[in-house]
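A.B. asks: Dropping in input-v8.cif, with mmCIF, C-alpha atoms and all ligand atoms.
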```cif
data_data
loop_
_atom_site.label_atom_id
_atom_site.label_comp_id
_atom_site.auth_asym_id
_atom_site.auth_seq_id
_atom_site.Cartn_x
_atom_site.Cartn_y
_atom_site.Cartn_z
CA MET A 1 118.69 84.82 102.97
CA THR A 2 118.31 87.78 100.65
CA ASP A 3 116.36 90.99 100.21
CA ARG A 4 115.72 90.07 96.55
CA CYS A 5 112.69 88.32 95.12
CA ASN A 6 111.63 87.11 91.68
CA PHE A 7 108.00 88.11 92.40
CA ARG A 8 106.59 91.59 92.94
CA CYS A 9 103.55 90.70 95.07
CA VAL A 10 101.44 93.82 95.38
CA TYR A 11 101.06 93.45 99.15
CA CYS A 12 104.74 92.76 99.77
CA MET A 13 107.29 94.09 97.26
CA PRO A 14 105.19 96.24 94.91
CA LYS A 15 106.82 97.31 91.65
CA GLU A 16 106.39 101.01 92.36
CA ILE A 17 108.83 100.70 95.26
CA PHE A 18 110.89 97.66 94.32
CA GLY A 19 111.49 98.78 90.74
CA ARG A 20 114.62 99.05 88.63
CA ASP A 21 116.12 101.78 90.79
CA PHE A 22 115.67 100.03 94.11
CA GLN A 23 118.94 99.69 95.99
CA TYR A 24 119.33 96.08 97.07
CA LEU A 25 122.05 94.97 99.44
CA GLU A 26 125.51 94.50 97.98
CA ARG A 27 126.97 91.02 98.09
CA GLY A 28 129.46 91.90 100.83
CA GLU A 29 126.65 93.23 103.01
CA LEU A 30 124.90 89.84 103.09
CA LEU A 31 125.82 87.46 105.86
CA THR A 32 127.78 84.56 104.43
CA PHE A 33 126.41 81.04 104.93
CA GLU A 34 129.12 80.45 107.52
CA GLU A 35 128.10 83.59 109.43
CA ILE A 36 124.44 82.58 109.37
CA ALA A 37 125.30 79.09 110.57
CA ARG A 38 127.45 80.50 113.36
CA LEU A 39 124.59 82.66 114.63
CA ALA A 40 122.16 79.77 114.23
CA ARG A 41 124.44 77.56 116.32
CA ALA A 42 124.44 80.20 119.06
CA PHE A 43 120.64 80.44 118.91
CA VAL A 44 120.21 76.68 119.12
CA ALA A 45 122.57 76.54 122.11
CA LEU A 46 120.28 79.10 123.77
CA GLY A 47 117.21 76.94 123.17
CA VAL A 48 115.90 77.78 119.71
CA GLU A 49 114.04 74.75 118.34
CA LYS A 50 113.17 75.71 114.81
CA LEU A 51 115.10 77.44 112.06
CA ARG A 52 113.22 78.88 109.10
CA VAL A 53 114.96 79.93 105.91
CA THR A 54 113.15 82.79 104.19
CA GLY A 55 113.59 86.14 102.47
CA GLY A 56 113.02 87.90 100.06
CA GLU A 57 112.87 84.71 98.08
CA PRO A 58 115.32 82.24 99.61
CA LEU A 59 115.67 80.18 96.44
CA VAL A 60 117.15 83.09 94.50
CA ARG A 61 120.20 82.83 96.74
CA ARG A 62 122.63 80.55 94.95
CA ASP A 63 123.57 77.17 96.46
CA LEU A 64 121.05 77.49 99.27
CA GLU A 65 121.38 73.77 99.90
CA ARG A 66 124.92 74.43 101.16
CA LEU A 67 123.49 76.65 103.91
CA VAL A 68 120.84 74.04 104.72
CA ALA A 69 123.58 71.43 105.10
CA LEU A 70 125.47 73.72 107.50
CA LEU A 71 122.30 74.26 109.56
CA ALA A 72 121.50 70.55 109.56
CA GLY A 73 124.98 69.90 110.96
CA ILE A 74 124.29 71.94 114.09
CA GLU A 75 124.13 69.71 117.10
CA GLY A 76 120.65 69.55 118.58
CA VAL A 77 118.79 71.32 115.76
CA PRO A 78 115.44 69.58 115.52
CA GLU A 79 113.71 71.31 112.64
CA ILE A 80 114.67 73.25 109.52
CA ALA A 81 111.89 74.75 107.40
CA MET A 82 111.75 77.13 104.46
CA THR A 83 109.14 79.60 103.20
CA THR A 84 109.23 80.11 99.44
CA ASN A 85 107.08 81.37 96.59
CA GLY A 86 107.65 77.99 94.95
CA ALA A 87 108.87 79.32 91.60
CA LEU A 88 112.20 77.48 91.77
CA LEU A 89 111.08 74.72 94.10
CA ALA A 90 110.54 71.87 91.64
CA ALA A 91 114.17 72.18 90.54
CA LYS A 92 115.59 72.52 94.04
CA ALA A 93 113.45 70.31 96.28
CA ARG A 94 115.52 67.13 96.03
CA ALA A 95 118.85 68.86 96.74
CA LEU A 96 117.34 70.70 99.70
CA LYS A 97 115.85 67.54 101.13
CA ASP A 98 119.15 65.72 100.74
CA ALA A 99 120.92 68.60 102.49
CA GLY A 100 118.62 68.22 105.52
CA LEU A 101 115.62 70.49 104.95
CA GLY A 102 112.60 69.16 106.82
CA ARG A 103 109.55 71.00 105.51
CA VAL A 104 108.43 73.80 103.22
CA THR A 105 105.76 76.45 103.30
CA VAL A 106 104.79 77.60 99.82
CA SER A 107 102.96 80.86 99.21
CA LEU A 108 100.08 80.74 96.74
CA ASP A 109 97.29 83.31 96.73
CA SER A 110 94.85 81.84 94.19
CA LEU A 111 94.32 78.98 91.76
CA ASP A 112 92.97 81.42 89.22
CA ASP A 113 95.81 82.47 86.93
CA GLU A 114 94.41 85.90 86.29
CA VAL A 115 94.11 86.65 90.02
CA PHE A 116 97.45 85.05 90.93
CA GLN A 117 99.36 86.78 88.16
CA ALA A 118 97.87 90.13 89.09
CA MET A 119 99.03 89.50 92.67
CA ASN A 120 102.57 88.27 91.93
CA ASP A 121 102.81 90.98 89.25
CA VAL A 122 105.40 89.14 87.18
CA GLY A 123 102.94 86.92 85.27
CA PHE A 124 104.02 83.75 87.08
CA PRO A 125 101.58 80.86 86.44
CA VAL A 126 99.76 78.88 89.13
CA ALA A 127 100.68 75.55 87.54
CA ARG A 128 104.39 75.96 88.23
CA VAL A 129 103.79 76.67 91.91
CA LEU A 130 101.51 73.63 92.14
CA GLU A 131 104.25 71.58 90.50
CA GLY A 132 106.73 72.85 93.11
CA ILE A 133 104.35 71.80 95.90
CA GLU A 134 103.91 68.30 94.43
CA VAL A 135 107.64 67.76 93.87
CA ALA A 136 108.40 68.96 97.40
CA ALA A 137 105.87 66.52 98.86
CA ALA A 138 107.14 63.71 96.65
CA VAL A 139 110.73 64.08 97.86
CA GLY A 140 109.51 64.05 101.48
CA LEU A 141 109.31 67.75 102.43
CA ARG A 142 105.98 66.97 104.03
CA PRO A 143 103.47 68.07 105.13
CA VAL A 144 103.60 71.10 102.82
CA LYS A 145 101.95 74.22 104.19
CA VAL A 146 100.42 76.60 101.66
CA ASN A 147 100.23 80.28 102.65
CA MET A 148 97.49 82.39 101.13
CA VAL A 149 97.32 86.11 101.93
CA VAL A 150 93.69 87.17 101.61
CA LYS A 151 92.98 90.69 100.37
CA ARG A 152 89.38 91.85 100.08
CA GLY A 153 88.24 92.51 96.55
CA VAL A 154 91.43 90.97 95.16
CA ASN A 155 91.46 87.25 95.99
CA ASP A 156 88.76 86.66 98.61
CA GLN A 157 86.72 84.90 95.91
CA SER A 158 89.56 82.36 95.72
CA VAL A 159 89.22 81.13 99.32
CA LEU A 160 86.73 78.37 98.62
CA SER A 161 88.45 77.03 95.51
CA MET A 162 91.77 76.97 97.39
CA ALA A 163 90.12 75.14 100.30
CA GLU A 164 88.52 72.65 97.94
CA HIS A 165 91.76 72.02 96.06
CA PHE A 166 93.86 71.38 99.17
CA ARG A 167 91.21 69.44 101.15
CA GLY A 168 92.27 65.83 101.30
CA SER A 169 95.62 66.54 99.59
CA GLY A 170 97.75 66.07 102.71
CA HIS A 171 98.90 69.71 102.42
CA THR A 172 97.70 72.31 104.93
CA LEU A 173 96.24 75.55 103.64
CA ARG A 174 96.78 78.58 105.87
CA MET A 175 95.01 81.82 105.24
CA ILE A 176 96.77 84.98 106.40
CA GLU A 177 95.15 88.32 107.15
CA TYR A 178 96.59 91.00 104.93
CA MET A 179 99.01 92.96 107.12
CA ASP A 180 100.18 96.51 107.18
CA VAL A 181 103.83 96.59 106.21
CA GLY A 182 104.34 100.27 106.85
CA THR A 183 104.89 102.65 104.02
CA THR A 184 105.24 100.26 101.11
CA ASN A 185 101.92 98.52 100.47
CA GLY A 186 99.26 101.21 101.03
CA TRP A 187 97.46 99.02 103.56
CA ARG A 188 93.82 99.72 104.42
CA LEU A 189 91.83 98.02 107.15
CA ASP A 190 88.84 97.52 104.85
CA GLU A 191 91.02 95.30 102.64
CA VAL A 192 91.59 92.85 105.50
CA VAL A 193 89.31 89.81 105.51
CA PRO A 194 89.10 88.82 109.19
CA ALA A 195 90.15 85.25 109.91
CA ALA A 196 86.77 84.60 111.56
CA GLU A 197 85.04 85.48 108.28
CA ILE A 198 87.32 83.13 106.34
CA VAL A 199 86.59 80.30 108.77
CA ARG A 200 82.82 80.93 108.49
CA MET A 201 83.06 80.91 104.70
CA ILE A 202 84.78 77.51 104.62
CA ASP A 203 82.75 76.05 107.48
CA ARG A 204 79.52 76.71 105.55
CA GLU A 205 80.75 74.44 102.73
CA TRP A 206 82.76 71.91 104.70
CA PRO A 207 82.10 71.97 108.46
CA LEU A 208 85.15 72.59 110.63
CA ASP A 209 86.10 71.95 114.25
CA PRO A 210 88.74 73.95 116.11
CA VAL A 211 91.94 72.08 117.01
CA ASP A 212 94.20 72.84 119.97
CA PRO A 213 97.51 74.49 119.11
CA ASN A 214 100.52 72.20 118.62
CA TYR A 215 102.58 74.42 120.91
CA ARG A 216 102.37 77.73 122.74
CA GLY A 217 103.04 80.58 120.35
CA GLU A 218 101.83 78.75 117.24
CA VAL A 219 100.87 81.57 114.90
CA ALA A 220 98.07 79.79 113.05
CA SER A 221 94.75 78.87 114.68
CA ARG A 222 93.94 75.41 113.43
CA TYR A 223 90.67 73.87 112.27
CA ARG A 224 89.95 70.32 111.17
CA TYR A 225 87.45 69.29 108.50
CA ARG A 226 84.76 67.27 110.21
CA ASP A 227 84.71 64.83 107.29
CA GLY A 228 88.38 63.90 107.84
CA ALA A 229 89.80 65.81 104.83
CA GLY A 230 92.64 67.31 106.86
CA GLU A 231 93.02 70.75 108.38
CA ILE A 232 93.40 74.45 107.65
CA GLY A 233 94.99 77.28 109.60
CA VAL A 234 94.22 80.98 109.84
CA ILE A 235 96.71 83.62 110.87
CA ALA A 236 94.83 86.51 112.44
CA SER A 237 97.73 88.90 112.94
CA VAL A 238 95.47 91.93 112.48
CA THR A 239 92.23 90.98 114.24
CA GLN A 240 93.77 88.79 116.97
CA PRO A 241 97.38 89.81 117.49
CA PHE A 242 99.46 87.22 119.28
CA CYS A 243 102.36 89.38 120.41
CA SER A 244 102.38 88.06 123.96
CA ASP A 245 102.86 84.49 122.71
CA CYS A 246 105.38 85.31 120.00
CA THR A 247 108.66 83.42 120.27
CA ARG A 248 110.21 84.37 116.94
CA ALA A 249 113.54 86.06 116.41
CA ARG A 250 114.24 87.23 112.87
CA LEU A 251 117.63 87.69 111.31
CA SER A 252 117.74 89.85 108.18
CA ALA A 253 119.97 89.08 105.21
CA ASP A 254 122.46 91.71 106.36
CA GLY A 255 122.62 90.43 109.91
CA GLU A 256 120.16 92.63 111.79
CA LEU A 257 118.36 90.78 114.53
CA TYR A 258 114.69 91.80 114.87
CA THR A 259 112.63 90.79 117.86
CA CYS A 260 109.40 91.78 116.08
CA LEU A 261 108.28 91.52 112.48
CA PHE A 262 107.22 95.14 112.71
CA ALA A 263 110.17 96.56 114.57
CA SER A 264 111.54 99.65 112.88
CA ARG A 265 115.08 98.87 113.99
CA GLY A 266 117.10 95.71 114.36
CA HIS A 267 120.26 94.91 116.31
CA ASP A 268 123.45 94.60 114.33
CA MET A 269 125.01 91.14 114.64
CA ARG A 270 127.18 91.33 111.53
CA GLY A 271 129.45 93.97 113.10
CA PRO A 272 130.44 91.84 116.09
CA LEU A 273 130.75 88.71 113.92
CA ARG A 274 133.15 90.43 111.56
CA ALA A 275 135.02 92.14 114.38
CA GLY A 276 136.01 88.73 115.72
CA ALA A 277 133.57 88.32 118.63
CA THR A 278 133.91 85.01 120.46
CA ASP A 279 131.06 82.50 120.66
CA GLU A 280 130.50 83.53 124.29
CA GLN A 281 130.26 87.19 123.33
CA ILE A 282 127.79 86.41 120.53
CA ALA A 283 125.67 84.29 122.86
CA GLY A 284 125.76 87.04 125.48
CA GLN A 285 124.50 89.61 122.99
CA LEU A 286 121.69 87.37 121.76
CA ARG A 287 120.63 86.65 125.31
CA SER A 288 120.66 90.31 126.27
CA ILE A 289 118.71 91.47 123.16
CA TRP A 290 116.10 88.76 123.63
CA SER A 291 115.59 89.29 127.33
CA ARG A 292 115.06 93.04 126.85
CA ARG A 293 112.46 92.75 124.10
CA ASP A 294 109.10 94.39 124.68
CA ASP A 295 107.62 94.62 121.16
CA ARG A 296 103.84 94.61 120.92
CA TYR A 297 103.40 96.13 117.52
CA SER A 298 100.29 94.24 116.42
CA GLU A 299 98.59 94.63 119.78
CA LEU A 300 99.25 98.34 119.81
CA ARG A 301 98.08 98.61 116.23
CA SER A 302 94.83 96.81 116.87
CA ALA A 303 94.23 99.04 119.91
CA ALA A 304 93.59 101.61 117.17
CA THR A 305 96.66 103.67 117.83
CA PRO A 306 97.61 104.74 114.34
CA ARG A 307 101.31 104.14 114.11
CA ARG A 308 103.43 103.39 111.10
CA ALA A 309 106.53 101.32 111.20
CA LYS A 310 108.79 100.49 108.34
CA VAL A 311 108.88 96.77 107.68
CA GLU A 312 111.26 95.43 105.13
CA MET A 313 110.10 92.29 103.45
CA SER A 314 113.56 90.82 103.74
CA HIS A 315 112.62 90.01 107.31
CA ILE A 316 108.88 89.41 107.12
CA GLY A 317 109.74 85.77 106.63
CA GLY A 318 107.05 83.16 106.91
N1 LIG B 1 109.36 84.81 99.12
C1 LIG B 1 108.91 83.83 100.07
C2 LIG B 1 107.42 83.57 99.90
O1 LIG B 1 106.81 84.16 99.01
O2 LIG B 1 106.90 82.77 100.65
C3 LIG B 1 109.27 84.11 101.52
C4 LIG B 1 109.12 85.50 102.03
S1 LIG B 1 107.45 86.08 102.09
C5 LIG B 1 107.71 87.74 102.65
C6 LIG B 1 106.80 85.21 103.48
C7 LIG B 1 105.31 85.20 103.63
O3 LIG B 1 104.85 86.49 104.00
C8 LIG B 1 104.56 84.83 102.37
O4 LIG B 1 103.67 83.77 102.63
C9 LIG B 1 103.82 86.07 102.02
O5 LIG B 1 102.63 85.82 101.37
C10 LIG B 1 103.61 86.71 103.39
N2 LIG B 1 103.34 88.15 103.31
C11 LIG B 1 104.03 89.08 102.64
N3 LIG B 1 103.46 90.29 102.75
C12 LIG B 1 102.38 90.13 103.53
C13 LIG B 1 101.36 91.02 104.03
N4 LIG B 1 101.33 92.30 103.70
N5 LIG B 1 100.40 90.50 104.80
C14 LIG B 1 100.39 89.18 105.11
N6 LIG B 1 101.32 88.30 104.69
C15 LIG B 1 102.30 88.77 103.91
#
```
Is it possible to give me this structure as structure tokens?
Ligand code: SAM

C.D. replies:
Amino acid sequence: MTDRCNFRCVYCMPKEIFGRDFQYLERGELLTFEEIARLARAFVALGVEKLRVTGGEPLVRRDLERLVALLAGIEGVPEIAMTTNGALLAAKARALKDAGLGRVTVSLDSLDDEVFQAMNDVGFPVARVLEGIEVAAAVGLRPVKVNMVVKRGVNDQSVLSMAEHFRGSGHTLRMIEYMDVGTTNGWRLDEVVPAAEIVRMIDREWPLDPVDPNYRGEVASRYRYRDGAGEIGVIASVTQPFCSDCTRARLSADGELYTCLFASRGHDMRGPLRAGATDEQIAGQLRSIWSRRDDRYSELRSAATPRRAKVEMSHIGG
């Protein structure tokens, strides 16, 4: 939706890089809602089953509910989801639900204000994100998923309190291994808490059983609390890359289509759209880009081949 965000999470859009002088996209460079919806329609016609609205922070794009309504109007679209930091969610949840949004994933890295504020780096309080989650659930954007990026020495002490808080709440907590995003976040392997360690930590307090994936290519490995208090997910993109199962296409705010979160280059779709390409031509391009993809960034990375790729957070998504 946008390359802008109202947070400066240290692992994602750190202030040193995304400061006052950072050159964000100009308005005219962003795909319009109509252009996004046109591409989405082409994707759905080719078999895409889920559309996720993300960013940057999607809720900083004005009138987002208008886009959601356009997406919801696409024939055959079964699911529309959004990933957000939750800051503006309480105010927007009802309008988004009414427009046709199905579910939300809300990012929250700790319940401890000191830890969370140091991570979002704009002093944003935990309570307002929790309020966003509750309002979203109350208007029917359920079940809410809560994304927690775990960074060793920064918020790993928050894992148990997060698990305890969301157990039995109806929301699903998902812990994500801290990923290398190329040159911007100074990633180090020793700051990654492996998903297996996170699962062990929680299982010691509240025993867990593994659950089969909902569908092939599901990014989170799921576990259920044995006492019936719901489930958690872990996303082991560093220690157990799932490239071969990945079915995600990512469209950046300026219309670049990426076939891998870590790809250094995308494929320009805005050019053809604005040059008057027909629906058939657009569909043909999407089909050809997708069928030629051979990205295996995470697998290559975990095979200990040091390689850096530039990942812009405007297409990391959720
Ligand atoms: N602004 C929205 C949000 O905060 O959810 C949507 C975009 S954000 C880039 C999508 C998700 O990527 C968030 O859950 C965020 O925590 C996660 N993320 C960002 N940088 C990450 C990294 N280095 N490693 C793992 N997850 C990351």

A.B. asks: How close does chain A get to ligand LIG 1 (chain B)? List, as CSV, each residue of chain A within 6 Å, its nearest atom pair and the distance in Å to one decimal, counting all atoms listed in the file.

C.D. replies:
```
residue,atom,partner,partner_atom,distance
A:Tyr11,CA,B:LIG1,N4,4.7
A:Cys12,CA,B:LIG1,N3,4.1
A:Thr54,CA,B:LIG1,C3,4.9
A:Gly55,CA,B:LIG1,C4,4.5
A:Gly56,CA,B:LIG1,N1,4.9
A:Glu57,CA,B:LIG1,N1,3.7
A:Thr83,CA,B:LIG1,O2,4.6
A:Thr84,CA,B:LIG1,O2,3.7
A:Asn85,CA,B:LIG1,O1,3.7
A:Val106,CA,B:LIG1,O2,5.6
A:Ser107,CA,B:LIG1,O4,4.5
A:Asn147,CA,B:LIG1,O4,4.9
A:Val149,CA,B:LIG1,N6,5.3
A:Ile176,CA,B:LIG1,C14,5.7
A:Glu177,CA,B:LIG1,C14,5.7
A:Tyr178,CA,B:LIG1,N5,3.8
A:Met179,CA,B:LIG1,N5,3.7
A:Asp180,CA,B:LIG1,N4,5.6
A:Val181,CA,B:LIG1,N4,5.6
A:Met313,CA,B:LIG1,C5,5.2
A:Ile316,CA,B:LIG1,C5,4.9
A:Gly317,CA,B:LIG1,C6,4.3
A:Gly318,CA,B:LIG1,C6,4.0
```

A.B. asks: For the residues in that selection, give me C-alpha atoms as a PDB file, keeping the file's coordinate frame.

C.D. replies:
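Below is the file that was written, selection.pdb:
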```pdb
ATOM      1  CA  TYR A  11     101.060  93.450  99.150  1.00  0.00           C
ATOM      2  CA  CYS A  12     104.740  92.760  99.770  1.00  0.00           C
ATOM      3  CA  THR A  54     113.150  82.790 104.190  1.00  0.00           C
ATOM      4  CA  GLY A  55     113.590  86.140 102.470  1.00  0.00           C
ATOM      5  CA  GLY A  56     113.020  87.900 100.060  1.00  0.00           C
ATOM      6  CA  GLU A  57     112.870  84.710  98.080  1.00  0.00           C
ATOM      7  CA  THR A  83     109.140  79.600 103.200  1.00  0.00           C
ATOM      8  CA  THR A  84     109.230  80.110  99.440  1.00  0.00           C
ATOM      9  CA  ASN A  85     107.080  81.370  96.590  1.00  0.00           C
ATOM     10  CA  VAL A 106     104.790  77.600  99.820  1.00  0.00           C
ATOM     11  CA  SER A 107     102.960  80.860  99.210  1.00  0.00           C
ATOM     12  CA  ASN A 147     100.230  80.280 102.650  1.00  0.00           C
ATOM     13  CA  VAL A 149      97.320  86.110 101.930  1.00  0.00           C
ATOM     14  CA  ILE A 176      96.770  84.980 106.400  1.00  0.00           C
ATOM     15  CA  GLU A 177      95.150  88.320 107.150  1.00  0.00           C
ATOM     16  CA  TYR A 178      96.590  91.000 104.930  1.00  0.00           C
ATOM     17  CA  MET A 179      99.010  92.960 107.120  1.00  0.00           C
ATOM     18  CA  ASP A 180     100.180  96.510 107.180  1.00  0.00           C
ATOM     19  CA  VAL A 181     103.830  96.590 106.210  1.00  0.00           C
ATOM     20  CA  MET A 313     110.100  92.290 103.450  1.00  0.00           C
ATOM     21  CA  ILE A 316     108.880  89.410 107.120  1.00  0.00           C
ATOM     22  CA  GLY A 317     109.740  85.770 106.630  1.00  0.00           C
ATOM     23  CA  GLY A 318     107.050  83.160 106.910  1.00  0.00           C
TER      24      GLY A 318
END
```

A.B. asks: Do you have the CA of Pro210 in chain A-CA of Asp190 in chain A distance handy?

C.D. replies: 26.1 Å

A.B. asks: Can you pull out every residue within 12 Å of Phe22 in chain A, counting only C-alpha atoms, but drop anything in the same chain fewer than 5 positions away, and send it as an NGL selection string?

C.D. replies: :A and (3-4 or 13-17)

A.B. asks: May I have the residues from that selection written out with C-alpha atoms, as a short mmCIF file (atom, residue, chain, number, x, y, z; two decimals), keeping the file's coordinate frame?

C.D. replies:
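What ended up in out-v4.cif:
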```cif
data_model
loop_
_atom_site.label_atom_id
_atom_site.label_comp_id
_atom_site.auth_asym_id
_atom_site.auth_seq_id
_atom_site.Cartn_x
_atom_site.Cartn_y
_atom_site.Cartn_z
CA ASP A 3 116.36 90.99 100.21
CA ARG A 4 115.72 90.07 96.55
CA MET A 13 107.29 94.09 97.26
CA PRO A 14 105.19 96.24 94.91
CA LYS A 15 106.82 97.31 91.65
CA GLU A 16 106.39 101.01 92.36
CA ILE A 17 108.83 100.70 95.26
#
```

A.B. asks: Using all atoms listed in the file, find the one residue out of A:Ala277, A:Ala229, A:Ala138, A:Ala91 that sits nearest to Leu208 in chain A.

C.D. replies: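 Selected residue with least distance to Leu208 in chain A: A:Ala229.
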
A.B. asks: What gap, in Å, lies between CA of Ala249 in chain A and CA of Ser264 in chain A?

C.D. replies: 14.2 Å

A.B. asks: Any idea what's packed within 9 Å of Asp245 in chain A, counting all atoms listed in the file, ignoring anything in its chain fewer than 3 positions away? Could you give it as a VMD selection string?

C.D. replies: chain A and resid 216 to 219 242

A.B. asks: Taking all atoms listed in the file into account, which of A:Leu286, A:Val238, A:Val139, A:Val146 comes nearest Trp187 in chain A?

C.D. replies: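 Nearest candidate to Trp187 in chain A out of A:Leu286, A:Val238, A:Val139, A:Val146: A:Val238.
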
A.B. asks: Mind giving me the straight-line distance from CA of Ser237 in chain A to CA of Ala136 in chain A in Å, one decimal?

C.D. replies: 27.4 Å

A.B. asks: Around all the atoms of range 282-290 of chain A listed in the file, with 8 Å of room on each side, what axis-aligned box do you get, giving centre and edge lengths in Å to one decimal, as AutoDock Vina command-line options?

C.D. replies:
```
--center_x 121.9 --center_y 87.9 --center_z 123.4 --size_x 27.7 --size_y 23.2 --size_z 21.7
```

A.B. asks: Skipping near chain neighbours, those fewer than 3 positions away, what residues fall within 8 Å of Asn120 in chain A using only C-alpha atoms, listed as JSON, numbers by chain?

C.D. replies: {"A": [7, 8, 9, 10, 116, 117, 123, 124]}

A.B. asks: Which one of A:Gly266, A:Ser161, A:Arg152, A:Arg250 sits closest to Leu189 in chain A if you count all atoms listed in the file?

C.D. replies: A:Arg152

A.B. asks: Counting all atoms listed in the file, which of A:Leu88, A:Thr2, A:Ile282, A:Ala42 gets nearest to Glu26 in chain A?

C.D. replies: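 Checking each candidate against Glu26 in chain A, we get A:Thr2 as the closest.
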
A.B. asks: Using all atoms listed in the file, find the one residue out of A:Val129, A:Ala90, A:Ala95, A:Ala45 that sits nearest to Leu108 in chain A.

C.D. replies: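 For Leu108 in chain A, the nearest of the candidates is A:Val129.
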
A.B. asks: Counting only C-alpha atoms, what is within 10 Å of Val234 in chain A, bar same-chain residues fewer than 6 positions away, as JSON, numbers by chain?

C.D. replies: {"A": [147, 148, 149, 173, 174, 175, 176, 177, 194, 195, 196, 198, 199, 219, 220, 221, 222, 223]}

A.B. asks: Of the residues A:Arg287, A:Arg292, A:Lys145, A:Arg103, which is the one nearest to Leu46 in chain A, using only C-alpha atoms?

C.D. replies: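 Selected residue with least distance to Leu46 in chain A: A:Arg287.
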